file entry-v3.cif (mmCIF, C-alpha atoms)
data_upload
#
loop_
_atom_site.label_atom_id
_atom_site.label_comp_id
_atom_site.auth_asym_id
_atom_site.auth_seq_id
_atom_site.Cartn_x
_atom_site.Cartn_y
_atom_site.Cartn_z
CA MET A 1228 -91.65 -138.89 -154.37
CA ARG A 1229 -88.31 -137.95 -152.90
CA LYS A 1230 -89.65 -134.56 -151.86
CA ALA A 1231 -92.62 -136.17 -150.10
CA LEU A 1232 -90.37 -138.66 -148.31
CA LEU A 1233 -87.97 -135.91 -147.27
CA ALA A 1234 -90.87 -133.72 -146.09
CA GLY A 1235 -92.27 -136.63 -144.07
CA LEU A 1236 -88.90 -137.28 -142.40
CA LEU A 1237 -88.50 -133.61 -141.55
CA LEU A 1238 -92.03 -133.49 -140.12
CA LEU A 1239 -91.40 -136.65 -138.10
CA ALA A 1240 -88.14 -135.24 -136.74
CA ALA A 1241 -89.80 -131.93 -135.82
CA CYS A 1242 -92.71 -133.61 -134.02
CA SER A 1243 -90.77 -136.17 -132.04
CA SER A 1244 -90.06 -135.20 -128.47
CA PRO A 1245 -86.64 -135.61 -126.94
CA PRO A 1246 -86.13 -138.76 -124.94
CA PRO A 1247 -87.06 -138.40 -121.28
CA GLN A 1248 -84.10 -137.46 -119.13
CA ALA A 1249 -83.34 -139.29 -115.93
CA PRO A 1250 -83.70 -137.14 -112.82
CA PRO A 1251 -80.40 -135.87 -111.46
CA PRO A 1252 -78.84 -138.10 -108.82
CA PRO A 1253 -79.44 -137.06 -105.23
CA PRO A 1254 -76.59 -135.20 -103.56
CA PRO A 1255 -74.18 -137.41 -101.66
CA PRO A 1256 -74.74 -137.58 -97.91
CA ALA A 1257 -72.87 -134.96 -95.94
CA GLU A 1258 -69.65 -136.29 -94.55
CA ALA A 1259 -67.36 -134.76 -92.00
CA VAL A 1260 -64.27 -133.18 -93.49
CA LEU A 1261 -60.93 -132.87 -91.74
CA GLY A 1262 -60.87 -129.68 -89.75
CA GLN A 1263 -64.59 -129.01 -90.00
CA THR A 1264 -67.01 -129.34 -87.15
CA VAL A 1265 -69.70 -131.97 -87.59
CA VAL A 1266 -73.12 -130.32 -87.36
CA PRO A 1267 -74.73 -130.93 -83.95
CA GLY A 1268 -78.02 -132.76 -84.25
CA SER A 1269 -76.81 -134.79 -87.22
CA LYS A 1270 -76.20 -138.50 -86.92
CA SER A 1271 -72.49 -137.83 -86.47
CA PRO A 1272 -71.06 -136.82 -83.12
CA SER A 1273 -69.94 -133.24 -82.64
CA GLY A 1274 -66.26 -132.45 -83.05
CA HIS A 1275 -63.49 -132.49 -85.62
CA LEU A 1276 -62.10 -135.46 -87.49
CA VAL A 1277 -58.60 -136.32 -86.32
CA PRO A 1278 -56.27 -136.66 -89.33
CA ASP A 1279 -54.24 -139.85 -89.64
CA VAL A 1280 -50.60 -138.77 -89.22
CA VAL A 1281 -48.95 -142.14 -88.55
CA GLY A 1282 -45.91 -142.49 -90.82
CA LYS A 1283 -45.36 -138.74 -91.19
CA ASN A 1284 -42.37 -136.96 -89.73
CA HIS A 1285 -43.22 -135.48 -86.36
CA GLN A 1286 -43.14 -131.84 -87.53
CA GLN A 1287 -45.42 -132.56 -90.49
CA ALA A 1288 -47.79 -134.45 -88.17
CA GLN A 1289 -48.00 -131.47 -85.81
CA ASP A 1290 -48.62 -129.09 -88.72
CA THR A 1291 -51.38 -131.35 -90.09
CA LEU A 1292 -53.12 -131.63 -86.72
CA GLN A 1293 -52.95 -127.89 -86.11
CA ALA A 1294 -54.38 -127.20 -89.57
CA ALA A 1295 -57.31 -129.46 -88.60
CA GLY A 1296 -57.91 -127.44 -85.41
CA PHE A 1297 -56.02 -129.52 -82.83
CA TYR A 1298 -53.55 -127.50 -80.77
CA ARG A 1299 -53.38 -129.59 -77.59
CA LEU A 1300 -50.66 -132.01 -78.62
CA GLU A 1301 -48.55 -134.32 -76.48
CA GLU A 1302 -45.47 -136.13 -77.69
CA GLU A 1303 -43.66 -139.19 -76.44
CA ASP A 1304 -40.63 -141.27 -77.35
CA ALA A 1305 -42.25 -144.52 -78.55
CA THR A 1306 -39.08 -146.54 -77.85
CA GLY A 1307 -39.40 -146.12 -74.09
CA LYS A 1308 -36.03 -144.33 -73.83
CA ASN A 1309 -37.78 -141.16 -72.60
CA ARG A 1310 -35.83 -138.93 -75.00
CA MET A 1311 -37.07 -135.43 -75.69
CA LEU A 1312 -38.15 -134.67 -79.25
CA ILE A 1313 -35.97 -131.64 -79.94
CA VAL A 1314 -35.59 -131.66 -83.74
CA ASP A 1315 -39.07 -132.82 -84.77
CA ARG A 1316 -38.09 -133.51 -88.38
CA ASN A 1317 -35.74 -136.28 -87.19
CA TRP A 1318 -38.64 -138.28 -85.76
CA VAL A 1319 -41.46 -140.28 -87.36
CA VAL A 1320 -44.90 -140.86 -85.83
CA VAL A 1321 -45.52 -144.57 -85.15
CA GLU A 1322 -48.76 -144.21 -83.16
CA GLN A 1323 -51.34 -141.55 -82.41
CA ILE A 1324 -53.99 -141.48 -79.72
CA PRO A 1325 -56.82 -141.21 -80.71
CA LYS A 1326 -56.50 -142.86 -84.10
CA GLY A 1327 -57.03 -140.99 -87.36
CA GLY A 1328 -60.68 -140.72 -88.38
CA THR A 1329 -61.90 -140.33 -84.80
CA VAL A 1330 -64.27 -137.42 -84.16
CA LEU A 1331 -62.86 -135.44 -81.26
CA ASP A 1332 -63.55 -132.12 -79.57
CA PRO A 1333 -60.65 -129.87 -80.64
CA LYS A 1334 -60.14 -128.93 -76.97
CA GLU A 1335 -59.07 -132.51 -76.26
CA THR A 1336 -55.47 -133.72 -76.46
CA VAL A 1337 -53.94 -135.74 -79.28
CA LYS A 1338 -50.84 -137.76 -78.30
CA LEU A 1339 -48.13 -138.53 -80.84
CA ARG A 1340 -45.76 -141.42 -80.13
CA SER A 1341 -42.67 -141.12 -82.31
CA LYS A 1342 -39.25 -142.69 -82.80
CA LYS A 1343 -36.06 -141.30 -84.30
CA LEU A 1344 -35.59 -141.99 -88.01
CA ASP A 1345 -32.44 -144.02 -87.28
CA ASP A 1346 -34.06 -146.22 -84.56
#

call {"tool": "encode", "arguments": {"input": "entry-v3.cif", "output": "structure tokens"}}
result
Amino acid sequence: MRKALLAGLLLLAACSSPPPQAPPPPPPPAEAVLGQTVVPGSKSPSGHLVPDVVGKNHQQAQDTLQAAGFYRLEEEDATGKNRMLIVDRNWVVVEQIPKGGTVLDPKETVKLRSKKLDD
């Protein structure tokens, strides 16, 4: 009797099909990535995403923007004292125009408004 029961269980296990698998999830929608051009004809405008550099030291902000493809950079003393930014690492970005996340043609200018660390 045990042999018959064991044989029946083995036969049942061999004949049963695996449970149906769920189809793989669809790929996530394409999103623009910093420094990459958005594909023309897509729902997104053409250009590069401007990285958010507010709060970074001025030198690091420039490096980040250049790595994303933006080389036309302007800088300004945000305190209104019209000082020149000579040692960029002594300054911190308090505002950028346009804001981070904006899609912009890399030929356009990004303005960084910064203040000295000890202001």

call {"tool": "residues_near_point", "arguments": {"input": "entry-v3.cif", "point": "(-60.0, -135.1, -80.7)", "cutoff": "9 Å", "atoms": "all atoms listed in the file", "output": "PyMOL selection string"}}
result
chain A and resi 1274-1277+1297+1324-1325+1329-1337

call {"tool": "write_last_selection", "arguments": {"input": "entry-v3.cif", "atoms": "C-alpha atoms", "output": "short mmCIF file (atom, residue, chain, number, x, y, z; two decimals), in the coordinates of the input"}}
result
data_model
loop_
_atom_site.label_atom_id
_atom_site.label_comp_id
_atom_site.auth_asym_id
_atom_site.auth_seq_id
_atom_site.Cartn_x
_atom_site.Cartn_y
_atom_site.Cartn_z
CA GLY A 1274 -66.26 -132.45 -83.05
CA HIS A 1275 -63.49 -132.49 -85.62
CA LEU A 1276 -62.10 -135.46 -87.49
CA VAL A 1277 -58.60 -136.32 -86.32
CA PHE A 1297 -56.02 -129.52 -82.83
CA ILE A 1324 -53.99 -141.48 -79.72
CA PRO A 1325 -56.82 -141.21 -80.71
CA THR A 1329 -61.90 -140.33 -84.80
CA VAL A 1330 -64.27 -137.42 -84.16
CA LEU A 1331 -62.86 -135.44 -81.26
CA ASP A 1332 -63.55 -132.12 -79.57
CA PRO A 1333 -60.65 -129.87 -80.64
CA LYS A 1334 -60.14 -128.93 -76.97
CA GLU A 1335 -59.07 -132.51 -76.26
CA THR A 1336 -55.47 -133.72 -76.46
CA VAL A 1337 -53.94 -135.74 -79.28
#

call {"tool": "atom_distance", "arguments": {"input": "entry-v3.cif", "atom1": "atom CA of A:Leu1312", "atom2": "atom CA of A:Leu1344"}}
result
11.7 Å

call {"tool": "atom_distance", "arguments": {"input": "entry-v3.cif", "atom1": "atom CA of A:Glu1302", "atom2": "atom CA of A:Pro1278"}}
result
15.9 Å

call {"tool": "atom_distance", "arguments": {"input": "entry-v3.cif", "atom1": "atom CA of A:Arg1316", "atom2": "atom CA of A:Gln1287"}}
result
7.7 Å

call {"tool": "closest_residue", "arguments": {"input": "entry-v3.cif", "among": "A:Leu1339, A:Val1321, A:Ala1295, A:Ala1305", "to": "A:Val1281", "atoms": "all atoms listed in the file"}}
result
A:Val1321

call {"tool": "residues_around", "arguments": {"input": "entry-v3.cif", "residues": "A:Gly1296", "least_positions_apart": "2", "cutoff": "8 Å", "atoms": "all atoms listed in the file", "output": "number ranges by chain"}}
result
A: 1262, 1275, 1292-1294, 1298, 1333

call {"tool": "closest_residue", "arguments": {"input": "entry-v3.cif", "among": "A:Lys1338, A:Val1320, A:Pro1250, A:Asp1346", "to": "A:Val1280", "atoms": "only C-alpha atoms"}}
result
A:Val1320

call {"tool": "closest_residue", "arguments": {"input": "entry-v3.cif", "among": "A:Ala1249, A:Ser1341, A:Asp1279, A:Gly1327", "to": "A:Asp1315", "atoms": "all atoms listed in the file"}}
result
A:Ser1341

call {"tool": "closest_residue", "arguments": {"input": "entry-v3.cif", "among": "A:Lys1283, A:Ala1288, A:Asn1317, A:Gly1328", "to": "A:Leu1300", "atoms": "only C-alpha atoms"}}
result
A:Ala1288

call {"tool": "closest_residue", "arguments": {"input": "entry-v3.cif", "among": "A:Lys1326, A:Val1319, A:Arg1340, A:Thr1306", "to": "A:Gly1282", "atoms": "only C-alpha atoms"}}
result
A:Val1319

call {"tool": "closest_residue", "arguments": {"input": "entry-v3.cif", "among": "A:Gln1248, A:Lys1308, A:Glu1301, A:Gln1289", "to": "A:Lys1343", "atoms": "all atoms listed in the file"}}
result
A:Lys1308
